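Worksheet: one structure, shown below.
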Amino acid sequence: MLRERRASRIGHLSTMSSSIGSSTWQALIEHQRALRGRTLTALFDASPQRFERLSLVWEDWLADWSKQRLTPETMSLLVAHAQDRNLPGWIEALFNGEKINLSEGRPALHTALRQQTAIRAAQARMRSLEAQLRGRLRLGATGRPIRHVVNLGVGGSDLGPRLVCEALAGPRAFRSDGIDVAFVSNIDPEQLTRALTPFDPESTLFIVASKTFTTSETMANAHAARDWLTRFIGGGGALSSHFVAVTANAEAAHAFGVAGQNVLPVWDWVGGRYSLWSAVGLPIA
């Protein structure tokens, strides 16, 4: 019985994208046409209590949607459409870890990044590494402190951390407490060459960010980075202090030459757009 109920719910969920044509969707379309051309000034004139009706305060947060072209009726229609599309069922499935990422057949459990014990442990390791870097305690193979960090990744393993670093950059882009940060995502070797030109190999750390540790662009750049280090400081175990892996495939990272203590976990149920909240966000620190 439980299996049948679960299958029924998932079957209902799979129809969520078919909202166009539903009566609640059509009601929203008609409502949008009725509001077309009405200015915010006119909406406030028609409802002096508009702000009070279309805002709320929770602790120190103010949510104010009175400055949008909508009315209380709009909100009622949106709620009706959400109920019609079984939004509560989708929310339940999300938190239960069901495979609501239909294109990849995976859960979308980014919310679990807030509380699980394993995640707290990964965060503690990130903080430890960040403290080592900022304190000049993280040393390369020749004993020089790490001063340059290069993130190798594509998609969610590049865009999110890069965006935050750009948004929070100080007068000198991608530099924090004397640590330079660069991002390389293109398989064209020119991008990696330009990123490495001003860096000292003896003081450079590479973060290889790939869930599978098989992403072609990322691994091509990782091998090129390893070759670059080998030319200047030698190969073998000496390179282990110059690499950190963020991956769900620790075995592949070890085979590449990343020491166990330098492998940070990321889980396959963390979607790319949310991955910066995981160890993928290490460059931000």
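Convention: chains lettered A, B, ... in structure tokens order; per-chain residue numbering from 1; ligands numbered from 1 as shown.
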
DSSP on the backbone, then: every residue of region 18-262 of chain A marked strand (DSSP E or B), written as a PyMOL selection string.
-> chain A and resi 55-58+61-64+101+106+139+145+148-152+175-176+179-184+204-209+243-247

For the selection you just gave me, I'd like the residues written to a file as a short mmCIF file (atom, residue, chain, number, x, y, z; two decimals), in the first residue's frame, keeping N, CA and C atoms.
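Below is the file result_5.cif, written as the result:
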data_model
loop_
_atom_site.label_atom_id
_atom_site.label_comp_id
_atom_site.auth_asym_id
_atom_site.auth_seq_id
_atom_site.Cartn_x
_atom_site.Cartn_y
_atom_site.Cartn_z
N SER A 55 2.63 42.93 2.38
CA SER A 55 3.96 42.86 2.99
C SER A 55 3.84 42.11 4.31
N LEU A 56 4.96 41.68 4.82
CA LEU A 56 4.97 41.04 6.14
C LEU A 56 6.34 41.22 6.76
N VAL A 57 6.37 41.16 8.08
CA VAL A 57 7.62 41.28 8.83
C VAL A 57 7.80 40.00 9.65
N TRP A 58 9.00 39.43 9.56
CA TRP A 58 9.35 38.27 10.37
C TRP A 58 10.71 38.53 11.00
N TRP A 61 13.34 40.65 9.23
CA TRP A 61 13.15 40.60 7.78
C TRP A 61 11.84 41.27 7.39
N LEU A 62 11.91 42.08 6.35
CA LEU A 62 10.72 42.67 5.75
C LEU A 62 10.58 42.13 4.33
N ALA A 63 9.46 41.50 4.05
CA ALA A 63 9.14 41.06 2.69
C ALA A 63 8.05 41.98 2.16
N ASP A 64 8.35 42.70 1.11
CA ASP A 64 7.43 43.71 0.57
C ASP A 64 7.22 43.46 -0.91
N ASN A 101 14.85 15.38 -9.56
CA ASN A 101 15.67 15.84 -10.67
C ASN A 101 15.45 14.83 -11.80
N ARG A 106 18.06 11.96 -10.19
CA ARG A 106 18.72 12.10 -8.90
C ARG A 106 17.84 12.88 -7.93
N LEU A 139 52.08 24.73 3.25
CA LEU A 139 53.35 24.80 2.53
C LEU A 139 53.34 23.91 1.30
N PRO A 145 55.24 28.90 1.51
CA PRO A 145 53.79 28.96 1.78
C PRO A 145 52.99 29.15 0.50
N HIS A 148 48.99 31.23 -4.05
CA HIS A 148 48.14 31.26 -5.24
C HIS A 148 47.24 30.03 -5.24
N VAL A 149 45.96 30.22 -5.54
CA VAL A 149 44.99 29.12 -5.61
C VAL A 149 44.32 29.16 -6.97
N VAL A 150 44.32 28.04 -7.67
CA VAL A 150 43.69 27.94 -8.99
C VAL A 150 42.58 26.90 -8.92
N ASN A 151 41.36 27.31 -9.19
CA ASN A 151 40.21 26.39 -9.19
C ASN A 151 40.01 25.84 -10.59
N LEU A 152 40.03 24.53 -10.72
CA LEU A 152 39.80 23.85 -12.00
C LEU A 152 38.43 23.18 -11.93
N ARG A 175 41.68 38.48 -4.75
CA ARG A 175 42.82 38.46 -3.83
C ARG A 175 42.30 38.69 -2.43
N SER A 176 42.65 37.81 -1.51
CA SER A 176 42.19 37.93 -0.13
C SER A 176 43.33 37.57 0.81
N ILE A 179 46.28 36.07 -0.78
CA ILE A 179 46.07 34.85 -1.56
C ILE A 179 45.41 35.22 -2.88
N ASP A 180 46.09 34.91 -4.00
CA ASP A 180 45.50 35.13 -5.32
C ASP A 180 44.65 33.92 -5.69
N VAL A 181 43.47 34.16 -6.26
CA VAL A 181 42.58 33.08 -6.68
C VAL A 181 42.28 33.24 -8.17
N ALA A 182 42.44 32.17 -8.92
CA ALA A 182 42.13 32.17 -10.35
C ALA A 182 41.18 31.01 -10.65
N PHE A 183 40.39 31.18 -11.70
CA PHE A 183 39.44 30.14 -12.12
C PHE A 183 39.74 29.74 -13.56
N VAL A 184 39.82 28.45 -13.79
CA VAL A 184 40.07 27.93 -15.14
C VAL A 184 39.02 26.87 -15.44
N THR A 204 51.82 27.50 -5.48
CA THR A 204 50.51 27.39 -6.13
C THR A 204 49.78 26.11 -5.71
N LEU A 205 48.51 26.27 -5.36
CA LEU A 205 47.64 25.15 -5.00
C LEU A 205 46.52 25.05 -6.02
N PHE A 206 46.26 23.85 -6.51
CA PHE A 206 45.17 23.62 -7.45
C PHE A 206 44.01 22.92 -6.74
N ILE A 207 42.80 23.42 -6.95
CA ILE A 207 41.59 22.76 -6.48
C ILE A 207 40.93 22.12 -7.69
N VAL A 208 40.86 20.81 -7.72
CA VAL A 208 40.22 20.09 -8.82
C VAL A 208 38.81 19.75 -8.38
N ALA A 209 37.83 20.45 -8.94
CA ALA A 209 36.43 20.30 -8.50
C ALA A 209 35.64 19.55 -9.56
N PHE A 243 47.75 19.91 -4.48
CA PHE A 243 46.44 19.58 -5.03
C PHE A 243 45.42 19.31 -3.92
N VAL A 244 44.22 19.84 -4.12
CA VAL A 244 43.06 19.51 -3.31
C VAL A 244 41.97 19.07 -4.28
N ALA A 245 41.26 18.02 -3.96
CA ALA A 245 40.16 17.55 -4.81
C ALA A 245 38.83 17.75 -4.08
N VAL A 246 37.84 18.21 -4.82
CA VAL A 246 36.46 18.28 -4.32
C VAL A 246 35.65 17.35 -5.22
N THR A 247 35.26 16.20 -4.70
CA THR A 247 34.70 15.17 -5.56
C THR A 247 33.88 14.16 -4.76
#

Could you list, as a short mmCIF file (atom, residue, chain, number, x, y, z; two decimals) with C-alpha atoms, in the first residue's frame, every residue within 12 Å of Gln49 (chain A), counting only C-alpha atoms and ignoring same-chain residues fewer than 6 positions away?
data_model
loop_
_atom_site.label_atom_id
_atom_site.label_comp_id
_atom_site.auth_asym_id
_atom_site.auth_seq_id
_atom_site.Cartn_x
_atom_site.Cartn_y
_atom_site.Cartn_z
CA LEU A 43 -2.68 50.53 -7.71
CA SER A 55 3.96 42.86 2.99
CA SER A 66 3.45 45.84 -2.76
CA THR A 71 -2.99 42.58 -6.15
CA PRO A 72 -4.35 40.41 -3.33
#

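When only C-alpha atoms are used to measure the gap to Ser185 (chain A), the shortest distance among A:Gly156, A:Gly89, A:Gly260, A:Pro198 belongs to A:Gly156.
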
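Pairwise distance (CA of Glu217 (chain A), CA of Arg162 (chain A)) equals 16.8 Å.
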
Nearest candidate to Leu54 (chain A) (options A:Leu40, A:Arg134, A:Met75, A:Leu264; using only C-alpha atoms) | A:Met75

Please run DSSP on the backbone and report, as a list of chain:residue names, all residues within region 155-202 of chain A that come out as helix (DSSP H, G or I).
-> A:Gly155, A:Gly156, A:Ser157, A:Leu159, A:Gly160, A:Pro161, A:Arg162, A:Leu163, A:Val164, A:Cys165, A:Glu166, A:Ala167, A:Leu168, A:Pro189, A:Glu190, A:Gln191, A:Leu192, A:Thr193, A:Arg194, A:Ala195, A:Leu196, A:Pro201, A:Glu202

Please write the residues from the selection above to a file, keeping N, CA and C atoms, as a tab-separated table (two decimals), in the first residue's frame.
chain	number	residue	atom	x	y	z
A	155	GLY	N	30.99	24.41	-15.15
A	155	GLY	CA	29.60	24.47	-14.73
A	155	GLY	C	29.46	24.91	-13.29
A	156	GLY	N	28.72	24.14	-12.50
A	156	GLY	CA	28.50	24.48	-11.11
A	156	GLY	C	29.75	24.45	-10.27
A	157	SER	N	30.80	23.79	-10.75
A	157	SER	CA	32.07	23.74	-10.02
A	157	SER	C	32.94	24.94	-10.34
A	159	LEU	N	31.12	28.30	-11.93
A	159	LEU	CA	30.33	29.52	-12.05
A	159	LEU	C	29.92	30.11	-10.71
A	160	GLY	N	29.46	29.26	-9.77
A	160	GLY	CA	29.02	29.77	-8.48
A	160	GLY	C	30.14	30.41	-7.68
A	161	PRO	N	31.23	29.66	-7.43
A	161	PRO	CA	32.34	30.26	-6.69
A	161	PRO	C	32.92	31.48	-7.39
A	162	ARG	N	33.02	31.42	-8.72
A	162	ARG	CA	33.55	32.57	-9.46
A	162	ARG	C	32.66	33.79	-9.27
A	163	LEU	N	31.33	33.59	-9.35
A	163	LEU	CA	30.39	34.70	-9.18
A	163	LEU	C	30.57	35.35	-7.82
A	164	VAL	N	30.63	34.54	-6.76
A	164	VAL	CA	30.75	35.10	-5.41
A	164	VAL	C	32.08	35.84	-5.25
A	165	CYS	N	33.15	35.26	-5.78
A	165	CYS	CA	34.45	35.93	-5.68
A	165	CYS	C	34.44	37.25	-6.44
A	166	GLU	N	33.79	37.29	-7.60
A	166	GLU	CA	33.69	38.55	-8.34
A	166	GLU	C	32.86	39.57	-7.58
A	167	ALA	N	31.75	39.10	-7.00
A	167	ALA	CA	30.86	40.02	-6.30
A	167	ALA	C	31.51	40.60	-5.05
A	168	LEU	N	32.35	39.81	-4.38
A	168	LEU	CA	32.96	40.25	-3.12
A	168	LEU	C	34.40	40.71	-3.28
A	189	PRO	N	44.02	25.50	-23.76
A	189	PRO	CA	45.14	25.70	-22.82
A	189	PRO	C	45.51	27.16	-22.61
A	190	GLU	N	45.05	28.04	-23.46
A	190	GLU	CA	45.39	29.45	-23.32
A	190	GLU	C	44.90	30.02	-21.99
A	191	GLN	N	43.70	29.61	-21.56
A	191	GLN	CA	43.17	30.14	-20.30
A	191	GLN	C	44.03	29.72	-19.12
A	192	LEU	N	44.43	28.46	-19.09
A	192	LEU	CA	45.28	27.99	-18.01
A	192	LEU	C	46.65	28.67	-18.06
A	193	THR	N	47.20	28.82	-19.25
A	193	THR	CA	48.50	29.46	-19.40
A	193	THR	C	48.47	30.88	-18.87
A	194	ARG	N	47.43	31.63	-19.21
A	194	ARG	CA	47.32	33.01	-18.73
A	194	ARG	C	47.16	33.06	-17.22
A	195	ALA	N	46.40	32.12	-16.67
A	195	ALA	CA	46.19	32.12	-15.23
A	195	ALA	C	47.48	31.83	-14.48
A	196	LEU	N	48.32	30.96	-15.04
A	196	LEU	CA	49.52	30.53	-14.33
A	196	LEU	C	50.72	31.45	-14.56
A	201	PRO	N	55.16	28.42	-9.21
A	201	PRO	CA	54.76	27.02	-9.03
A	201	PRO	C	54.96	26.51	-7.60
A	202	GLU	N	56.02	26.97	-6.94
A	202	GLU	CA	56.30	26.50	-5.59
A	202	GLU	C	55.27	26.97	-4.57

Tell me, as a VMD selection string, which residues lie within 12 Å of region 33-38 of chain A, counting only C-alpha atoms; anything in the same chain fewer than 6 positions away does not count.
-> chain A and resid 26 to 27 44 to 46 68 to 71 73 to 74

Convert the current residue selection to file output with N, CA and C atoms, as a tab-separated table (two decimals), in the first residue's frame.
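Written file, out_18.tsv:
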chain	number	residue	atom	x	y	z
A	26	GLN	N	-4.94	29.35	-16.69
A	26	GLN	CA	-5.71	30.25	-17.53
A	26	GLN	C	-6.25	31.43	-16.74
A	27	ALA	N	-6.63	31.17	-15.48
A	27	ALA	CA	-7.11	32.26	-14.63
A	27	ALA	C	-6.01	33.28	-14.40
A	44	PHE	N	-1.71	51.90	-5.93
A	44	PHE	CA	-1.66	52.46	-4.58
A	44	PHE	C	-2.82	53.42	-4.34
A	45	ASP	N	-3.19	54.20	-5.37
A	45	ASP	CA	-4.33	55.11	-5.22
A	45	ASP	C	-5.62	54.33	-4.98
A	46	ALA	N	-5.74	53.17	-5.64
A	46	ALA	CA	-6.96	52.38	-5.50
A	46	ALA	C	-7.02	51.62	-4.18
A	68	GLN	N	5.15	45.57	-6.63
A	68	GLN	CA	5.04	44.78	-7.86
A	68	GLN	C	3.65	44.96	-8.45
A	69	ARG	N	3.55	44.72	-9.75
A	69	ARG	CA	2.24	44.88	-10.40
A	69	ARG	C	1.40	43.64	-10.12
A	70	LEU	N	0.85	43.60	-8.92
A	70	LEU	CA	-0.04	42.52	-8.52
A	70	LEU	C	-0.99	43.03	-7.45
A	71	THR	N	-1.97	42.22	-7.13
A	71	THR	CA	-2.99	42.58	-6.15
A	71	THR	C	-3.22	41.40	-5.22
A	73	GLU	N	-5.73	39.64	-5.18
A	73	GLU	CA	-6.31	38.60	-6.03
A	73	GLU	C	-5.21	37.80	-6.73
A	74	THR	N	-4.15	38.49	-7.15
A	74	THR	CA	-3.02	37.80	-7.77
A	74	THR	C	-2.48	36.72	-6.84

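Checking A:Leu129, A:Glu30, A:Gly178, A:Ile20 one by one against Arg85 (chain A), counting only C-alpha atoms, you find the shortest gap at A:Ile20.
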
Close residues, Asp268 (chain A) itself excluded, 7 Å, only C-alpha atoms, min 2 positions apart in chain, as a ChimeraX atom specification | /A:211,248,266,270

Rank A:Ala108, A:Ile29, A:Ala131, A:Ala141 by their smallest atom-to-atom distance to Gly234 (chain A), using only C-alpha atoms, and report the top residue only.
-> A:Ala141

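The space between CA of Leu28 (chain A) and CA of Ser103 (chain A) spans 27.7 Å.
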
Could you please determine the separation between CA of Phe232 (chain A) and CA of Asn186 (chain A) in Å, to one decimal place?
-> 23.3 Å

Test item: residues at most 10 Å from region 124-127 of chain A, only C-alpha atoms, excluding those fewer than 3 positions along its chain, as a PyMOL selection string = chain A and resi 118-121+130-133+261-264+278-283+285

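Of the residues listed (A:His110, A:Arg144, A:His31, A:Lys67), A:His110 shows the shortest atom-to-atom separation from Ser275 (chain A); distances use only C-alpha atoms.
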